[in-house]
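Q: Here you go, this is model-v3.cif (mmCIF, C-alpha atoms).
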data_data
loop_
_atom_site.label_atom_id
_atom_site.label_comp_id
_atom_site.auth_asym_id
_atom_site.auth_seq_id
_atom_site.Cartn_x
_atom_site.Cartn_y
_atom_site.Cartn_z
CA MET A 588 -4.58 -22.79 -65.02
CA PHE A 589 -4.53 -19.60 -67.10
CA ARG A 590 -5.94 -21.42 -70.11
CA ARG A 591 -9.52 -20.24 -69.58
CA LEU A 592 -8.48 -16.68 -68.80
CA ARG A 593 -6.85 -16.27 -72.22
CA ARG A 594 -10.01 -17.34 -73.99
CA HIS A 595 -12.24 -14.83 -72.19
CA LEU A 596 -9.99 -11.80 -71.90
CA THR A 597 -11.98 -9.73 -74.35
CA ALA A 598 -15.27 -10.51 -72.63
CA GLU A 599 -14.26 -9.72 -69.06
CA THR A 600 -14.64 -6.37 -67.36
CA PRO A 601 -11.26 -4.75 -66.56
CA VAL A 602 -10.38 -4.95 -62.87
CA THR A 603 -9.68 -1.66 -61.11
CA PRO A 604 -6.34 -1.87 -59.28
CA ALA A 605 -6.62 -2.08 -55.50
CA GLU A 606 -5.70 0.94 -53.40
CA PRO A 607 -2.04 0.76 -52.39
CA VAL A 608 -1.33 -0.47 -48.88
CA PRO A 609 0.45 2.30 -46.96
CA GLN A 610 3.05 0.15 -45.18
CA ALA A 611 5.07 -2.47 -47.04
CA VAL A 612 5.72 -5.94 -45.74
CA THR A 613 9.47 -6.12 -45.27
CA ASP A 614 9.70 -9.79 -44.41
CA VAL A 615 7.81 -12.96 -43.68
CA PRO A 616 9.13 -15.05 -40.78
CA GLY A 617 11.50 -17.78 -41.93
CA THR A 618 12.08 -16.35 -45.40
CA SER A 619 14.60 -14.14 -47.15
CA PRO A 620 13.66 -10.63 -48.42
CA LEU A 621 10.77 -10.57 -50.86
CA SER A 622 10.44 -8.81 -54.19
CA PRO A 623 8.04 -5.84 -54.42
CA ARG A 624 5.62 -8.01 -56.38
CA VAL A 625 5.45 -10.74 -53.75
CA GLN A 626 5.37 -8.14 -50.97
CA SER A 627 2.35 -6.56 -52.63
CA ALA A 628 0.55 -9.90 -52.81
CA VAL A 629 1.26 -10.65 -49.15
CA GLU A 630 0.08 -7.17 -48.13
CA PHE A 631 -3.11 -7.58 -50.08
CA ARG A 632 -3.81 -11.00 -48.56
CA ARG A 633 -3.33 -9.59 -45.07
CA GLU A 634 -5.77 -6.79 -45.76
CA HIS A 635 -8.17 -8.87 -47.87
CA PRO A 636 -7.97 -12.59 -46.96
CA ASN A 637 -10.55 -13.49 -49.60
CA ASP A 638 -8.47 -12.19 -52.50
CA PHE A 639 -9.06 -12.92 -56.17
CA TYR A 640 -6.33 -15.53 -56.48
CA GLY A 641 -6.22 -17.49 -53.25
CA GLY A 642 -4.87 -21.00 -53.19
CA TRP A 643 -1.68 -20.05 -51.32
CA GLU A 644 -0.63 -19.14 -47.82
CA GLU A 645 2.26 -17.07 -46.45
CA GLU A 646 3.93 -20.27 -45.28
CA ASP A 647 4.29 -21.31 -48.93
CA ILE A 648 6.86 -18.57 -49.46
CA ALA A 649 9.51 -20.61 -47.62
CA LEU A 650 8.57 -23.68 -49.68
CA PHE A 651 8.99 -21.75 -52.93
CA GLN A 652 12.23 -20.11 -51.84
CA GLY A 653 13.69 -23.51 -51.05
CA ALA A 654 13.09 -24.61 -54.64
CA ARG A 655 14.16 -21.39 -56.34
CA ARG A 656 17.02 -21.83 -58.83
CA SER A 657 19.36 -19.29 -60.37
CA SER A 658 19.06 -19.38 -64.17
CA THR A 659 20.61 -17.52 -67.08
CA ALA A 660 18.59 -16.14 -69.96
CA GLN A 661 18.43 -18.32 -73.05
CA PRO A 662 17.04 -16.99 -76.34
CA GLY A 663 14.13 -19.00 -77.66
CA THR A 664 12.94 -19.98 -74.18
CA ILE A 665 11.20 -18.57 -71.13
CA THR A 666 12.56 -19.80 -67.78
CA ASP A 667 10.68 -20.09 -64.50
CA PHE A 668 11.87 -19.94 -60.89
CA LEU A 669 12.40 -23.72 -60.77
CA GLY A 670 14.80 -23.48 -63.70
CA THR A 671 12.39 -25.11 -66.16
CA ARG A 672 12.79 -23.74 -69.68
CA THR A 673 9.81 -23.54 -72.03
CA ALA A 674 10.25 -22.84 -75.72
CA THR A 675 8.77 -19.42 -76.43
CA GLY A 676 6.74 -20.91 -79.28
CA LEU A 677 4.72 -22.92 -76.76
CA HIS A 678 3.49 -19.63 -75.31
CA PRO A 679 2.52 -17.71 -78.48
CA TRP A 680 0.51 -15.18 -76.46
CA ALA A 681 3.72 -14.19 -74.64
CA ALA A 682 6.21 -14.06 -77.50
CA TRP A 683 7.56 -10.71 -76.32
CA HIS A 684 8.95 -12.49 -73.25
CA ASP A 685 11.42 -14.45 -75.36
CA GLY A 686 14.59 -15.02 -73.38
CA ALA A 687 13.01 -13.87 -70.13
CA VAL A 688 13.78 -15.43 -66.75
CA PHE A 689 10.80 -15.26 -64.39
CA ASP A 690 12.78 -16.17 -61.29
CA ASP A 691 10.52 -14.41 -58.80
CA LEU A 692 8.34 -16.57 -56.58
CA PRO A 693 5.05 -17.53 -58.27
CA ILE A 694 2.86 -15.51 -55.91
CA PRO A 695 0.10 -14.99 -56.76
CA ASP A 696 1.14 -16.53 -60.10
CA ASP A 697 4.20 -17.05 -62.28
CA GLN A 698 3.34 -14.06 -64.53
CA LEU A 699 2.92 -16.40 -67.49
CA ARG A 700 0.66 -19.45 -67.30
CA ALA A 701 0.11 -20.90 -63.83
CA GLU A 702 -0.85 -19.84 -60.33
CA ALA A 703 0.76 -20.49 -56.96
CA ILE A 704 -1.56 -23.39 -56.13
CA GLU A 705 -0.13 -25.61 -58.87
CA TYR A 706 3.46 -24.94 -57.85
CA PHE A 707 2.47 -25.65 -54.26
CA ALA A 708 0.96 -28.99 -55.31
CA LEU A 709 4.16 -30.01 -57.08
CA LEU A 710 6.57 -29.03 -54.30
CA HIS A 711 4.32 -30.30 -51.51
CA ALA A 712 4.11 -33.64 -53.32
CA PHE A 713 7.90 -33.78 -53.48
CA ASP A 714 8.12 -33.16 -49.76
CA ARG A 715 5.72 -36.05 -49.14
CA ALA A 716 7.55 -38.43 -51.48
CA GLY A 717 10.52 -40.61 -50.67
CA PRO A 718 14.09 -39.37 -51.19
CA ASP A 719 14.98 -41.65 -54.09
CA SER A 720 12.13 -41.43 -56.58
CA PHE A 721 9.17 -39.37 -57.74
CA THR A 722 6.19 -40.48 -59.82
CA ILE A 723 3.77 -38.05 -61.47
CA ALA A 724 0.85 -38.48 -63.86
CA GLU A 725 -0.50 -35.44 -65.72
CA LEU A 726 -3.96 -35.86 -67.25
CA GLY A 727 -4.93 -33.29 -69.84
CA ALA A 728 -1.23 -32.57 -70.15
CA SER A 729 -1.07 -30.13 -73.07
CA PHE A 730 2.70 -29.91 -73.74
CA GLY A 731 3.53 -31.54 -70.40
CA PRO A 732 4.55 -28.59 -68.22
CA TRP A 733 4.11 -30.42 -64.92
CA VAL A 734 5.75 -33.72 -65.82
CA CYS A 735 8.68 -31.68 -67.11
CA ALA A 736 8.82 -29.49 -64.01
CA ALA A 737 8.79 -32.66 -61.90
CA ALA A 738 11.73 -34.08 -63.84
CA VAL A 739 13.69 -30.84 -63.43
CA GLU A 740 12.93 -30.71 -59.69
CA ALA A 741 13.85 -34.37 -59.22
CA ARG A 742 17.18 -33.68 -60.91
CA HIS A 743 17.86 -30.73 -58.63
CA ARG A 744 17.10 -32.92 -55.62
CA GLY A 745 19.41 -35.67 -56.83
CA MET A 746 16.65 -38.27 -57.10
CA PRO A 747 17.93 -41.23 -59.13
CA ARG A 748 14.50 -42.27 -60.42
CA VAL A 749 11.63 -40.25 -61.90
CA ARG A 750 8.56 -41.70 -63.59
CA LEU A 751 6.54 -39.43 -65.87
CA THR A 752 3.10 -40.14 -67.35
CA ALA A 753 1.41 -37.58 -69.58
CA VAL A 754 -1.98 -38.08 -71.25
CA GLU A 755 -3.11 -35.61 -73.92
CA ALA A 756 -5.87 -35.94 -76.53
CA SER A 757 -4.84 -33.18 -78.92
CA HIS A 758 -2.43 -34.21 -81.69
CA LEU A 759 -0.94 -30.72 -81.77
CA HIS A 760 -0.22 -30.52 -78.05
CA PHE A 761 0.85 -34.15 -77.70
CA GLU A 762 3.54 -33.64 -80.33
CA GLN A 763 5.09 -30.93 -78.15
CA ILE A 764 5.58 -33.04 -75.01
CA GLN A 765 8.83 -34.75 -76.01
CA TYR A 766 10.09 -31.45 -77.43
CA HIS A 767 9.44 -29.69 -74.12
CA LEU A 768 11.11 -32.50 -72.18
CA ALA A 769 14.11 -32.44 -74.51
CA THR A 770 14.44 -28.68 -74.05
CA ASN A 771 15.11 -29.47 -70.39
CA GLY A 772 17.39 -32.44 -70.98
CA VAL A 773 14.74 -35.03 -70.12
CA SER A 774 14.55 -38.21 -72.20
CA ALA A 775 14.07 -41.96 -71.91
CA GLU A 776 17.73 -42.18 -70.95
CA ASN A 777 17.23 -40.40 -67.61
CA ALA A 778 13.49 -40.78 -66.93
CA GLU A 779 10.83 -43.45 -67.26
CA LEU A 780 8.42 -41.98 -69.82
CA ASN A 781 4.84 -43.01 -70.48
CA LEU A 782 3.45 -40.54 -73.02
CA VAL A 783 -0.11 -41.38 -74.02
CA HIS A 784 -1.92 -39.82 -76.96
CA GLY A 785 -5.58 -40.13 -76.03
CA ALA A 786 -8.28 -39.07 -73.61
CA ILE A 787 -8.74 -40.22 -70.04
CA ALA A 788 -12.19 -41.64 -69.30
CA THR A 789 -14.17 -43.88 -67.00
CA GLU A 790 -14.27 -46.60 -69.68
CA ALA A 791 -11.81 -47.61 -72.39
CA GLY A 792 -12.96 -47.12 -75.96
CA THR A 793 -13.36 -44.13 -78.25
CA LEU A 794 -14.14 -40.50 -77.50
CA TYR A 795 -14.20 -37.38 -79.66
CA PHE A 796 -11.96 -34.38 -79.18
CA PRO A 797 -12.02 -30.99 -80.95
CA LYS A 798 -9.28 -30.53 -83.51
CA VAL A 799 -6.83 -28.03 -82.05
CA HIS A 800 -5.16 -25.73 -84.57
CA SER A 801 -3.38 -23.28 -82.27
CA LEU A 802 -1.11 -23.63 -79.24
CA ASN A 803 -3.19 -20.82 -77.72
CA ASP A 804 -6.04 -23.28 -77.23
CA ASN A 805 -5.70 -25.40 -74.09
CA GLY A 806 -9.35 -25.67 -73.17
CA SER A 807 -10.94 -28.50 -75.15
CA GLN A 808 -13.02 -31.33 -73.71
CA ALA A 809 -13.42 -34.96 -74.80
CA VAL A 810 -17.05 -35.98 -75.48
CA GLU A 811 -18.87 -39.21 -76.24
CA THR A 812 -20.29 -38.19 -79.63
CA ALA A 813 -18.95 -35.91 -82.35
CA ARG A 814 -20.63 -32.49 -82.34
CA ASP A 815 -20.63 -29.28 -84.34
CA HIS A 816 -20.00 -27.14 -81.23
CA ASP A 817 -18.01 -27.58 -78.05
CA TYR A 818 -19.16 -27.00 -74.46
CA ILE A 819 -18.30 -23.29 -74.70
CA GLY A 820 -20.40 -22.89 -77.82
CA ARG A 821 -17.59 -22.59 -80.35
CA GLU A 822 -18.05 -24.18 -83.76
CA VAL A 823 -15.46 -26.97 -83.93
CA GLU A 824 -14.65 -30.18 -85.75
CA HIS A 825 -14.23 -33.26 -83.56
CA GLU A 826 -12.01 -36.26 -84.27
CA ALA A 827 -11.99 -39.74 -82.77
CA VAL A 828 -9.39 -40.42 -80.05
CA THR A 829 -8.63 -43.49 -77.98
CA ALA A 830 -10.01 -43.38 -74.44
CA TYR A 831 -7.97 -44.89 -71.62
CA THR A 832 -8.96 -45.62 -68.05
CA LEU A 833 -6.97 -44.33 -65.09
CA ASP A 834 -5.69 -47.76 -64.10
CA GLN A 835 -4.39 -48.25 -67.66
CA VAL A 836 -2.15 -45.18 -67.53
CA LEU A 837 -0.97 -44.96 -63.92
CA ALA A 838 2.47 -46.39 -63.20
CA GLU A 839 2.65 -49.43 -60.95
CA GLY A 840 2.79 -48.73 -57.25
CA ILE A 841 2.32 -45.28 -55.72
CA THR A 842 1.86 -42.09 -57.73
CA ASP A 843 3.26 -39.17 -55.73
CA LEU A 844 1.27 -36.55 -57.66
CA LEU A 845 -1.74 -36.97 -59.90
CA HIS A 846 -2.35 -33.69 -61.77
CA VAL A 847 -5.84 -33.56 -63.33
CA ASP A 848 -6.91 -30.79 -65.72
CA ILE A 849 -9.51 -32.26 -68.06
CA GLN A 850 -11.94 -29.40 -68.63
CA GLY A 851 -15.07 -30.37 -66.81
CA THR A 852 -14.98 -34.18 -66.57
CA GLU A 853 -12.79 -34.37 -63.46
CA GLY A 854 -15.66 -35.06 -61.06
CA ARG A 855 -16.94 -38.04 -63.02
CA LEU A 856 -13.47 -39.50 -63.53
CA LEU A 857 -12.33 -39.24 -59.92
CA SER A 858 -15.61 -40.49 -58.50
CA ALA A 859 -15.42 -43.60 -60.68
CA ASN A 860 -11.83 -44.24 -59.54
CA ILE A 861 -11.99 -43.36 -55.85
CA ASP A 862 -10.84 -46.80 -54.67
CA LEU A 863 -7.81 -46.58 -56.96
CA LEU A 864 -7.01 -43.08 -55.68
CA ASP A 865 -7.27 -44.23 -52.08
CA ALA A 866 -4.85 -47.08 -52.68
CA ARG A 867 -2.26 -45.57 -55.02
CA VAL A 868 -2.23 -41.74 -55.14
CA ARG A 869 -0.39 -39.75 -52.46
CA THR A 870 -1.16 -36.14 -53.54
CA LEU A 871 -3.87 -34.94 -55.92
CA PHE A 872 -4.15 -31.64 -57.78
CA ILE A 873 -7.40 -30.96 -59.62
CA GLY A 874 -8.06 -28.07 -61.97
CA THR A 875 -11.75 -27.34 -61.41
CA HIS A 876 -14.09 -26.01 -64.07
CA SER A 877 -17.41 -25.34 -62.37
CA ARG A 878 -18.76 -24.66 -58.90
CA ARG A 879 -20.79 -27.86 -59.15
CA ILE A 880 -17.66 -29.94 -59.75
CA GLU A 881 -15.91 -28.26 -56.83
CA GLY A 882 -18.76 -29.22 -54.50
CA GLU A 883 -18.83 -32.78 -55.83
CA LEU A 884 -15.09 -33.15 -55.19
CA LEU A 885 -15.32 -31.68 -51.69
CA ASP A 886 -18.08 -34.15 -50.85
CA LEU A 887 -16.29 -37.11 -52.47
CA LEU A 888 -12.76 -36.67 -51.18
CA HIS A 889 -13.58 -35.33 -47.74
CA GLY A 890 -16.02 -38.21 -47.34
CA ARG A 891 -13.21 -40.66 -48.09
CA GLY A 892 -10.87 -39.15 -45.52
CA TRP A 893 -8.64 -37.10 -47.84
CA THR A 894 -7.28 -33.78 -46.55
CA LEU A 895 -7.84 -30.53 -48.46
CA VAL A 896 -4.63 -28.50 -48.07
CA ARG A 897 -5.13 -25.72 -50.65
CA GLU A 898 -8.17 -24.55 -52.59
CA ARG A 899 -9.14 -21.74 -54.92
CA PRO A 900 -12.66 -21.61 -56.39
CA CYS A 901 -13.17 -21.07 -60.08
CA GLN A 902 -14.71 -17.87 -61.41
CA PHE A 903 -17.55 -17.76 -63.89
CA SER A 904 -19.75 -15.46 -65.90
CA TYR A 905 -23.41 -16.46 -66.10
CA ARG A 906 -24.32 -16.91 -69.77
CA THR A 907 -27.84 -17.97 -70.67
CA GLU A 908 -26.85 -19.00 -74.20
CA ILE A 909 -24.56 -21.79 -72.91
CA ALA A 910 -26.39 -24.85 -71.60
CA ASP A 911 -23.37 -26.55 -69.98
CA ILE A 912 -22.41 -24.61 -66.85
CA THR A 913 -18.80 -25.67 -67.36
CA GLY A 914 -18.83 -23.29 -70.30
CA TRP A 915 -19.52 -20.35 -67.98
CA THR A 916 -16.12 -20.66 -66.29
CA THR A 917 -13.80 -17.75 -67.02
CA ARG A 918 -10.94 -18.73 -64.72
CA ASP A 919 -10.27 -22.26 -63.59
CA GLY A 920 -10.13 -23.11 -59.90
CA GLY A 921 -7.95 -25.64 -58.14
CA GLN A 922 -7.90 -28.07 -55.24
CA VAL A 923 -4.93 -29.85 -53.63
CA TRP A 924 -5.69 -32.97 -51.59
CA THR A 925 -3.43 -35.34 -49.66
CA ASN A 926 -4.13 -38.98 -48.90
CA PRO A 927 -3.39 -39.75 -45.23
CA ARG A 928 -3.39 -43.49 -45.99
CA LEU A 929 -0.10 -42.98 -47.81
CA ASP A 930 1.60 -40.60 -45.38
CA ARG A 931 5.24 -41.47 -44.90
CA VAL A 932 6.30 -42.17 -41.32
#
Could you render the structure from this file as structure tokens?
A:
Amino acid sequence: MFRRLRRHLTAETPVTPAEPVPQAVTDVPGTSPLSPRVQSAVEFRREHPNDFYGGWEEEDIALFQGARRSSTAQPGTITDFLGTRTATGLHPWAAWHDGAVFDDLPIPDDQLRAEAIEYFALLHAFDRAGPDSFTIAELGASFGPWVCAAAVEARHRGMPRVRLTAVEASHLHFEQIQYHLATNGVSAENAELNLVHGAIATEAGTLYFPKVHSLNDNGSQAVETARDHDYIGREVEHEAVTAYTLDQVLAEGITDLLHVDIQGTEGRLLSANIDLLDARVRTLFIGTHSRRIEGELLDLLHGRGWTLVRERPCQFSYRTEIADITGWTTRDGGQVWTNPRLDRV
């Protein structure tokens, strides 16, 4: 979710810090004491409900606290509040955090790469799943942070079965998925792995994906024809990648969480697969990359009876030199939807 922010940092206007709130929040009903950072976020939300981040509610604090794990520092990794360890090299922009443990609640974000809404989607999906297994598919997976987090959470919950599908088009990022899983003790011996090097599309075949040369770059988009520039206007070299359809990559049966972050093609993909989503996906997280896509998804999923449980609109900077409005986005948005057809009773 922070991927687009990193790319545009130098172009954005610095944000003036908000005026301090005179009286601190000392507690939120049903939760244990909060850190100053989380207190500050809660205070700000109470004073300014339409805050910059959004995508979370005070009630999520209890959800996050219930999943919080105590972790020890480990050189060469950065550890989050769920106990998931990420090799520092996978976050080259944050190398100075080597060995850090970010065990505070991820409100409004985890201080590294993701915002509260994505953690909410993961934990909410676990609460809606059965007690014995969890199935997740991550499209546009990069190094697989969410399939790995799901495996770690399933282990903490004592679930005997976890099924992980990760689809990533970049050679560089795809090669890191098994490494990231192994860093957290996840392998084919204790999880059902389906790691797919390719792009997700409405039709099987061949697409073209920019060659990625740095782990800093998590914002590329698959296209139908090779081009000299990408949708943001950068000069890039594209390479052919295999395109897979959603039904080809989803595990059999119900997927508890489908995590979609595919840089501007999410509306087209989900619209083409709405019957499949209705029948086989319990919870859906979508990283959104334009206001148009957000409206399309609201119309599509609401119209099919899905329930929007969390939402944060993307932010953009109007740029006349970029024809594709997806390229205007400076900070990705997010939507979390649940499928009442697959509610557990």
Q: Using the chain letters and numbering of this document, enumerate as a PyMOL selection string the residues selected by the PyMOL selection byres ((chain A and resi 704) around 10).
A: chain A and resi 588+640-644+647+693-696+701-703+705-709+872+874+897-899+920-923
Q: Which is closer to A:Ile764 than all the others in A:Gly670, A:Gly892, A:Gly727, A:Gly686, using all atoms listed in the file?
A: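 For A:Ile764, the nearest of the given residues is A:Gly727.
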Q: Edge lengths and centre, in Å to one decimal, as AutoDock Vina command-line options: that's what I need for the box along x, y and z that holds all listed atoms of stretch 723-742 of chain A plus 3 Å on each side.
A:
--center_x 6.1 --center_y -33.5 --center_z -66.5 --size_x 28.1 --size_y 15.9 --size_z 20.5
Q: Using all atoms listed in the file, pick whichever of A:Thr666, A:Thr793, A:Gln626, A:Thr722 has the shortest atom-to-atom distance to A:Gln698.
A: A:Thr666
Q: Interatomic distance between atom CA of A:Gln652 and atom CA of A:Gln765?
A: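 Interatomic distance, atom CA of A:Gln652 to atom CA of A:Gln765: 28.5 Å.
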